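**Student:** So that you have it, the file is target-v2.txt, and it contains compact mmCIF, C-alpha atoms and all ligand atoms:
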```txt
# COMPACT_ATOMS: atom_id res chain seq x y z
CA MET R 169 18.93 8.68 19.91
CA ASN R 170 15.93 9.62 17.80
CA ARG R 171 12.66 9.45 19.62
CA LEU R 172 10.08 7.29 17.90
CA ASP R 173 6.97 9.06 16.72
CA HIS R 174 4.15 7.07 18.27
CA ARG R 175 1.71 8.21 15.59
CA ASP R 176 3.93 6.78 12.84
CA PRO R 177 2.02 3.79 11.38
CA LEU R 178 5.27 1.82 11.31
CA VAL R 179 5.77 2.26 15.04
CA PHE R 180 4.08 -0.39 17.18
CA ASP R 181 3.19 -0.49 20.86
CA THR R 182 3.97 -3.67 22.80
CA HIS R 183 2.52 -2.44 26.09
CA GLU R 184 -0.47 -4.80 26.08
CA LEU R 185 1.87 -7.73 25.68
CA GLY R 186 3.33 -7.19 29.11
CA ARG R 187 6.69 -8.77 29.73
CA ARG R 188 5.62 -12.29 30.49
CA PRO R 189 7.55 -14.62 28.19
CA GLY R 190 5.08 -16.60 26.12
CA ALA R 191 2.51 -13.82 25.81
CA MET R 192 1.40 -13.31 22.24
CA ARG R 193 -0.63 -10.76 20.35
CA LYS R 194 -1.61 -10.34 16.71
CA VAL R 195 -1.83 -7.02 14.95
CA SER R 196 -3.18 -6.19 11.48
CA ARG R 197 -2.64 -2.82 9.95
CA THR R 198 -2.92 -1.26 6.51
CA LEU R 199 -0.69 1.73 6.00
CA GLU R 200 0.49 4.04 3.25
CA ALA R 201 3.91 3.14 1.92
CA PRO R 202 6.62 5.54 3.00
CA GLU R 203 9.14 6.74 0.46
CA GLY R 204 12.25 4.67 -0.19
CA PHE R 205 10.71 1.20 -0.24
CA GLY R 206 12.45 0.03 -3.38
CA ILE R 207 15.50 0.20 -5.59
CA ILE R 208 15.98 3.74 -6.80
CA ASP R 209 15.02 4.27 -10.45
CA VAL R 210 14.39 0.55 -10.99
CA ILE R 211 11.43 -0.77 -9.06
CA GLY R 212 9.67 -0.19 -5.78
CA VAL R 213 6.49 0.34 -3.80
CA PRO R 214 4.94 3.65 -4.90
CA GLU R 215 4.81 6.15 -2.06
CA LYS R 216 1.40 6.21 -0.31
CA SER R 217 0.23 2.97 -1.95
CA PRO R 218 -1.27 0.53 0.58
CA ILE R 219 0.82 -2.02 2.43
CA GLU R 220 -1.09 -4.67 4.34
CA LEU R 221 0.64 -5.94 7.45
CA GLU R 222 -0.04 -8.94 9.62
CA LEU R 223 2.17 -9.15 12.70
CA ARG R 224 2.56 -11.60 15.51
CA LEU R 225 4.24 -10.14 18.59
CA GLU R 226 5.64 -12.63 21.07
CA SER R 227 7.20 -11.84 24.37
CA VAL R 228 10.45 -13.75 24.89
CA VAL R 229 13.10 -13.48 27.61
CA GLU R 230 15.28 -10.91 25.85
CA GLY R 231 12.60 -8.87 24.13
CA VAL R 232 9.76 -9.06 21.65
CA LEU R 233 9.92 -11.38 18.68
CA VAL R 234 8.09 -9.87 15.71
CA THR R 235 7.02 -12.21 12.92
CA GLY R 236 5.05 -10.86 10.03
CA THR R 237 3.93 -10.75 6.45
CA ALA R 238 3.39 -7.76 4.23
CA GLU R 239 1.57 -7.42 0.94
CA ALA R 240 2.43 -4.55 -1.33
CA HIS R 241 2.14 -3.48 -4.93
CA VAL R 242 5.35 -2.67 -6.78
CA GLU R 243 5.93 -0.74 -9.96
CA GLY R 244 8.96 -0.36 -12.14
CA GLU R 245 10.25 -0.54 -15.66
CA CYS R 246 11.45 -3.46 -17.81
CA VAL R 247 15.25 -3.23 -18.03
CA ARG R 248 15.18 -4.44 -21.63
CA CYS R 249 12.32 -2.57 -23.29
CA LEU R 250 11.38 0.10 -20.67
CA GLU R 251 7.70 -0.90 -20.61
CA PRO R 252 6.03 -0.52 -17.19
CA VAL R 253 6.22 -3.55 -14.93
CA GLU R 254 3.89 -4.05 -11.98
CA PHE R 255 3.00 -6.88 -9.66
CA ASP R 256 2.21 -7.67 -6.03
CA VAL R 257 4.76 -8.95 -3.56
CA ASP R 258 4.18 -10.96 -0.45
CA VAL R 259 7.07 -10.87 2.01
CA ASP R 260 7.84 -12.57 5.30
CA PHE R 261 10.10 -11.21 7.99
CA GLN R 262 11.11 -11.92 11.56
CA GLU R 263 13.08 -9.79 13.96
CA LEU R 264 13.83 -9.79 17.66
CA TYR R 265 13.55 -6.38 19.30
CA TYR R 266 15.57 -6.44 22.51
CA TYR R 267 14.29 -4.79 25.65
CA PRO R 268 15.94 -1.39 26.17
CA GLU R 269 17.83 -2.52 29.25
CA SER R 270 18.69 -5.94 27.81
CA ASP R 271 22.37 -6.74 27.66
CA GLU R 272 21.96 -9.59 25.25
CA ARG R 273 23.11 -7.73 22.19
CA HIS R 274 25.87 -10.14 21.32
CA ARG R 275 24.24 -13.34 22.30
CA ALA R 276 23.46 -15.65 19.45
CA ARG R 277 19.89 -15.76 18.27
CA THR R 278 17.74 -18.70 19.16
CA THR R 279 18.01 -19.97 15.59
CA GLY R 280 21.44 -21.58 15.84
CA THR R 281 23.59 -18.75 14.57
CA GLU R 282 26.33 -19.22 17.17
CA ASP R 283 29.04 -18.78 14.58
CA LEU R 284 28.14 -15.21 13.78
CA ASP R 285 31.00 -12.84 14.43
CA GLU R 286 30.33 -9.93 16.68
CA ASP R 287 31.33 -7.63 13.87
CA SER R 288 28.98 -9.26 11.40
CA GLU R 289 26.65 -6.89 9.62
CA GLU R 290 23.60 -8.22 11.37
CA GLU R 291 21.85 -5.35 13.06
CA THR R 292 20.43 -5.35 16.53
CA TYR R 293 17.08 -3.70 17.08
CA ARG R 294 15.79 -2.45 20.38
CA LEU R 295 12.49 -1.42 21.88
CA GLU R 296 12.22 2.18 22.92
CA GLY R 297 10.08 2.01 26.03
CA ASP R 298 7.19 -0.17 24.84
CA PHE R 299 7.56 0.86 21.21
CA PHE R 300 9.45 -0.46 18.23
CA ASP R 301 10.05 0.83 14.72
CA LEU R 302 9.24 -1.70 12.02
CA ARG R 303 10.42 0.53 9.19
CA PRO R 304 14.02 -0.75 8.64
CA VAL R 305 12.97 -4.39 8.98
CA LEU R 306 10.04 -4.04 6.59
CA ARG R 307 12.04 -2.01 4.11
CA ASP R 308 14.81 -4.64 3.98
CA ALA R 309 12.29 -7.44 3.53
CA VAL R 310 10.54 -5.63 0.67
CA VAL R 311 13.75 -4.64 -1.09
CA LEU R 312 15.09 -8.20 -0.88
CA ALA R 313 11.91 -9.45 -2.57
CA LEU R 314 12.37 -7.19 -5.58
CA PRO R 315 14.07 -8.31 -8.79
CA LEU R 316 17.29 -6.39 -9.50
CA GLN R 317 16.53 -6.58 -13.21
CA PRO R 318 12.76 -6.57 -13.66
CA VAL R 319 11.47 -7.68 -17.06
CA CYS R 320 7.98 -7.27 -18.55
CA GLN R 321 8.04 -10.94 -19.64
CA GLU R 322 10.74 -13.59 -19.28
CA ASP R 323 11.45 -13.67 -23.01
CA CYS R 324 11.30 -9.92 -23.61
CA LEU R 325 13.41 -9.28 -26.70
CA GLY R 326 14.27 -5.72 -25.77
CA LEU R 327 14.51 -2.86 -28.21
CA CYS R 328 15.86 -2.76 -31.76
CA SER R 329 19.30 -1.25 -31.38
CA GLU R 330 18.86 0.66 -34.61
CA CYS R 331 15.44 2.26 -34.34
CA GLY R 332 14.29 1.56 -30.76
CA ALA R 333 11.23 -0.47 -31.75
CA ARG R 334 10.06 -2.97 -29.14
CA LEU R 335 11.00 -6.33 -30.66
CA SER R 336 8.48 -8.43 -28.74
CA ASP R 337 5.71 -6.48 -30.50
CA ASP R 338 7.23 -7.30 -33.86
CA PRO R 339 9.54 -10.33 -33.74
CA ALA R 340 10.08 -10.24 -37.52
CA HIS R 341 11.32 -6.66 -37.30
CA HIS R 342 14.35 -5.97 -39.44
CA HIS R 343 15.92 -3.25 -41.54
CA ASP R 344 16.07 -3.82 -45.30
CA ALA R 345 18.20 -6.72 -46.41
CA VAL R 346 20.97 -6.04 -43.94
CA ASP R 347 21.75 -8.76 -41.40
CA PRO R 348 20.32 -7.33 -38.16
CA ARG R 349 23.62 -8.10 -36.42
CA TRP R 350 25.37 -5.82 -38.90
CA ALA R 351 22.61 -3.27 -38.76
CA ALA R 352 23.34 -2.74 -35.12
CA LEU R 353 26.93 -1.92 -35.94
CA GLN R 354 26.40 0.52 -38.77
CA GLY R 355 25.55 3.25 -36.34
CA LEU R 356 28.77 2.61 -34.41
CA SER R 357 31.08 3.25 -37.33
CA ALA R 358 31.25 6.65 -38.95
CA ASP R 359 33.21 5.66 -42.03
CA SER R 360 32.58 2.90 -44.51
CA GLY R 361 34.86 0.62 -46.51
CA ASP R 362 37.01 -2.39 -45.74
CA GLU R 363 38.70 -0.89 -42.73
CA ALA R 364 35.38 -0.08 -41.08
CA ARG R 365 34.12 -3.57 -41.88
CA GLY R 366 37.11 -5.03 -40.08
CA GLU R 367 36.43 -2.85 -37.05
CA ALA R 368 32.79 -3.84 -37.13
CA ALA R 369 33.70 -7.50 -37.13
CA ASP R 370 35.84 -6.94 -34.05
CA LEU R 371 33.01 -5.10 -32.39
CA ARG R 372 30.65 -7.88 -33.26
CA ARG R 373 32.85 -10.45 -31.57
CA GLY R 374 33.11 -8.14 -28.57
CA ILE R 375 29.37 -7.73 -28.33
CA LYS R 376 28.86 -11.47 -28.25
CA ASN R 377 30.70 -11.57 -24.95
CA SER R 378 29.27 -8.41 -23.53
CA ASP R 379 26.61 -8.33 -20.82
CA THR R 380 25.59 -4.81 -21.67
CA ARG R 381 24.05 -5.86 -24.96
CA GLU R 382 21.83 -8.53 -23.50
CA GLY R 383 18.96 -8.02 -25.94
CA LEU R 384 21.18 -8.26 -28.99
CA ALA R 385 22.98 -11.32 -27.68
CA GLU R 386 19.67 -13.07 -27.22
CA ASN R 387 18.67 -12.35 -30.78
CA GLN R 388 21.88 -13.90 -31.98
CA GLU R 389 21.20 -17.12 -30.14
CA LYS R 390 18.11 -17.75 -32.23
ZN ZN X 401 10.37 -5.76 -21.73
ZN ZN X 402 14.53 -1.38 -35.87
```
Taking this structure as input, can you express it in the form of structure tokens?
**Tutor:**
Amino acid sequence: MNRLDHRDPLVFDTHELGRRPGAMRKVSRTLEAPEGFGIIDVIGVPEKSPIELELRLESVVEGVLVTGTAEAHVEGECVRCLEPVEFDVDVDFQELYYYPESDERHRARTTGTEDLDEDSEEETYRLEGDFFDLRPVLRDAVVLALPLQPVCQEDCLGLCSECGARLSDDPAHHHDAVDPRWAALQGLSADSGDEARGEAADLRRGIKNSDTREGLAENQEK
């Protein structure tokens, strides 16, 4: 078992709480974000940016119940137009850290989850001596609060599939007199002529049903 580093800002000491059920203590702490608090290459909390924590530690029969909130700044990239996206998140979390010698690992939580299978993916956390590691709990809470597909604005039009221009900056953007739906396809077909036109029409129907061309599909709905 890894020993907790007591100087780690995500490791907390419950010693002052004692082990009298009902005892409660509040802790506030601002710390630098560790790496890995986010979705790789999409969005996350920049390493070393501040995270503000407010915790309530409560002694219960089986261990210490930790309830908290965290405020952090996240940065990422719009999945449609690649512009930077940034905002603050406010997350809540709650976890019971069992006493080291506690045997209650499989007992249902106090919140009415009796039906949970023993092999469910729910993890059990434990105190190590008087200390607990908030890192996995906080990381999960932050990651769950992040959008899987961040956008710079709800109606972001994405990029022109022909030239890469950002369409929200220039909604009237088009290329010559060609229907923009066709313009997108010209680059896909090397040859010209009737045969290529037929292929393009097939492609066009395919694109209408394709998730990967979200931006284009939205333009077509107009
Ligand atoms: Zn965008
Ligand atoms: Zn263009």
**Student:** Using Å and a single decimal, report how far atom CA of R:Val232 sits from atom CA of R:Glu200.
**Tutor:**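 Between atom CA of R:Glu200 and atom CA of R:Val232 the gap is 24.4 Å.
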**Student:** Neighbours of ligand ZN 402 (chain X) within 7 Å, counting all atoms listed in the file, as a short mmCIF file (atom, residue, chain, number, x, y, z; two decimals) with C-alpha atoms, in the frame of the given file?
**Tutor:**
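This is the output file part-v6.cif:
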```cif
data_model
loop_
_atom_site.label_atom_id
_atom_site.label_comp_id
_atom_site.auth_asym_id
_atom_site.auth_seq_id
_atom_site.Cartn_x
_atom_site.Cartn_y
_atom_site.Cartn_z
CA CYS R 328 15.86 -2.76 -31.76
CA SER R 329 19.30 -1.25 -31.38
CA GLU R 330 18.86 0.66 -34.61
CA CYS R 331 15.44 2.26 -34.34
CA GLY R 332 14.29 1.56 -30.76
CA ALA R 333 11.23 -0.47 -31.75
CA HIS R 341 11.32 -6.66 -37.30
CA HIS R 342 14.35 -5.97 -39.44
CA HIS R 343 15.92 -3.25 -41.54
#
```
**Student:** Atom CA of R:Ser336 to atom CA of R:Val242: how many Å, to one decimal?
**Tutor:**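 Taking atom CA of R:Ser336 as the start and atom CA of R:Val242 as the end point, the length is 22.9 Å.
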**Student:** Hey, which of R:Gly326, R:Gly236, R:Gly206, R:Gly244 ends up closest to ligand ZN 401 (chain X)? Count only C-alpha atoms and all ligand atoms.
**Tutor:**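 Nearest candidate to ligand ZN 401 (chain X) out of R:Gly326, R:Gly236, R:Gly206, R:Gly244: R:Gly326.
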**Student:** Report, in Å with one decimal, the straight-line distance from atom CA of R:Val310 to atom CA of R:Tyr267.
**Tutor:**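 Taking atom CA of R:Val310 and atom CA of R:Tyr267, their separation equals 25.3 Å.
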**Student:** Give as a ChimeraX atom specification the residues surrounding ligand ZN 401 (chain X) up to a distance of 6 Å, considering all atoms listed in the file.
**Tutor:** /R:246,248-249,251,319-320,324,326
**Student:** Could you check which residues have any atom within 9 Å of (7.9, 4.7, -3.6), counting only C-alpha atoms with coordinates taken straight from the file, and then list them as a list in words?
**Tutor:** Ala201, Pro202, Glu203, Gly204, Phe205, Gly206, Ile208, Ile211, Gly212, Val213, Pro214, Glu215, Lys216, Ser217, Val242 and Glu243 of chain R
**Student:** If we count all atoms listed in the file, what is near R:Arg197 at a cut-off of 10 Å, once residues fewer than 6 positions away on the same chain are taken out, given as number ranges by chain?
**Tutor:** R: 177-178, 219-223, 238
**Student:** Which residue out of R:Leu250, R:Val210, R:Val305, R:Ala313 has the minimum interatomic distance to R:Leu264 when all atoms listed in the file are used?
**Tutor:**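 Closest to R:Leu264, using all atoms listed in the file: R:Val305.
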**Student:** Nearest residue to R:Thr237 out of R:Thr198, R:Gln321, R:Thr182, R:Ser270, using all atoms listed in the file?
**Tutor:**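 Once distances to R:Thr237 are computed over all atoms listed in the file, the minimum belongs to R:Thr198.
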**Student:** Near R:His241, within 7 Å and counting all atoms listed in the file, which residues show up once chain neighbours fewer than 3 positions away are dropped, as a JSON list (two decimals) with C-alpha atoms, in the frame of the given file?
**Tutor:**
```json
[["chain", "number", "residue", "atom", "x", "y", "z"],
["R", 213, "VAL", "CA", 6.49, 0.34, -3.80],
["R", 255, "PHE", "CA", 3.00, -6.88, -9.66],
["R", 256, "ASP", "CA", 2.21, -7.67, -6.03],
["R", 257, "VAL", "CA", 4.76, -8.95, -3.56]]
```
**Student:** Which residue gives the smallest distance to R:Arg175 among R:Phe299, R:Leu225, R:Val247, R:Arg188, with all atoms listed in the file counted?
**Tutor:**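 Using all atoms listed in the file, the shortest distance to R:Arg175 belongs to R:Phe299.
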**Student:** Kindly indicate which residue among R:Leu295, R:Val259, R:Ile207, R:Ala240 lies nearest to R:Asp181, using only C-alpha atoms for the distances.
**Tutor:**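 Using only C-alpha atoms, the shortest distance to R:Asp181 belongs to R:Leu295.
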**Student:** Smallest atom-to-atom distance to R:Thr235: which of R:Val253, R:Asp298, R:Leu185, R:Tyr265, using all atoms listed in the file?
**Tutor:**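 Checking each of R:Val253, R:Asp298, R:Leu185, R:Tyr265 against R:Thr235, counting all atoms listed in the file, the winner is R:Tyr265.
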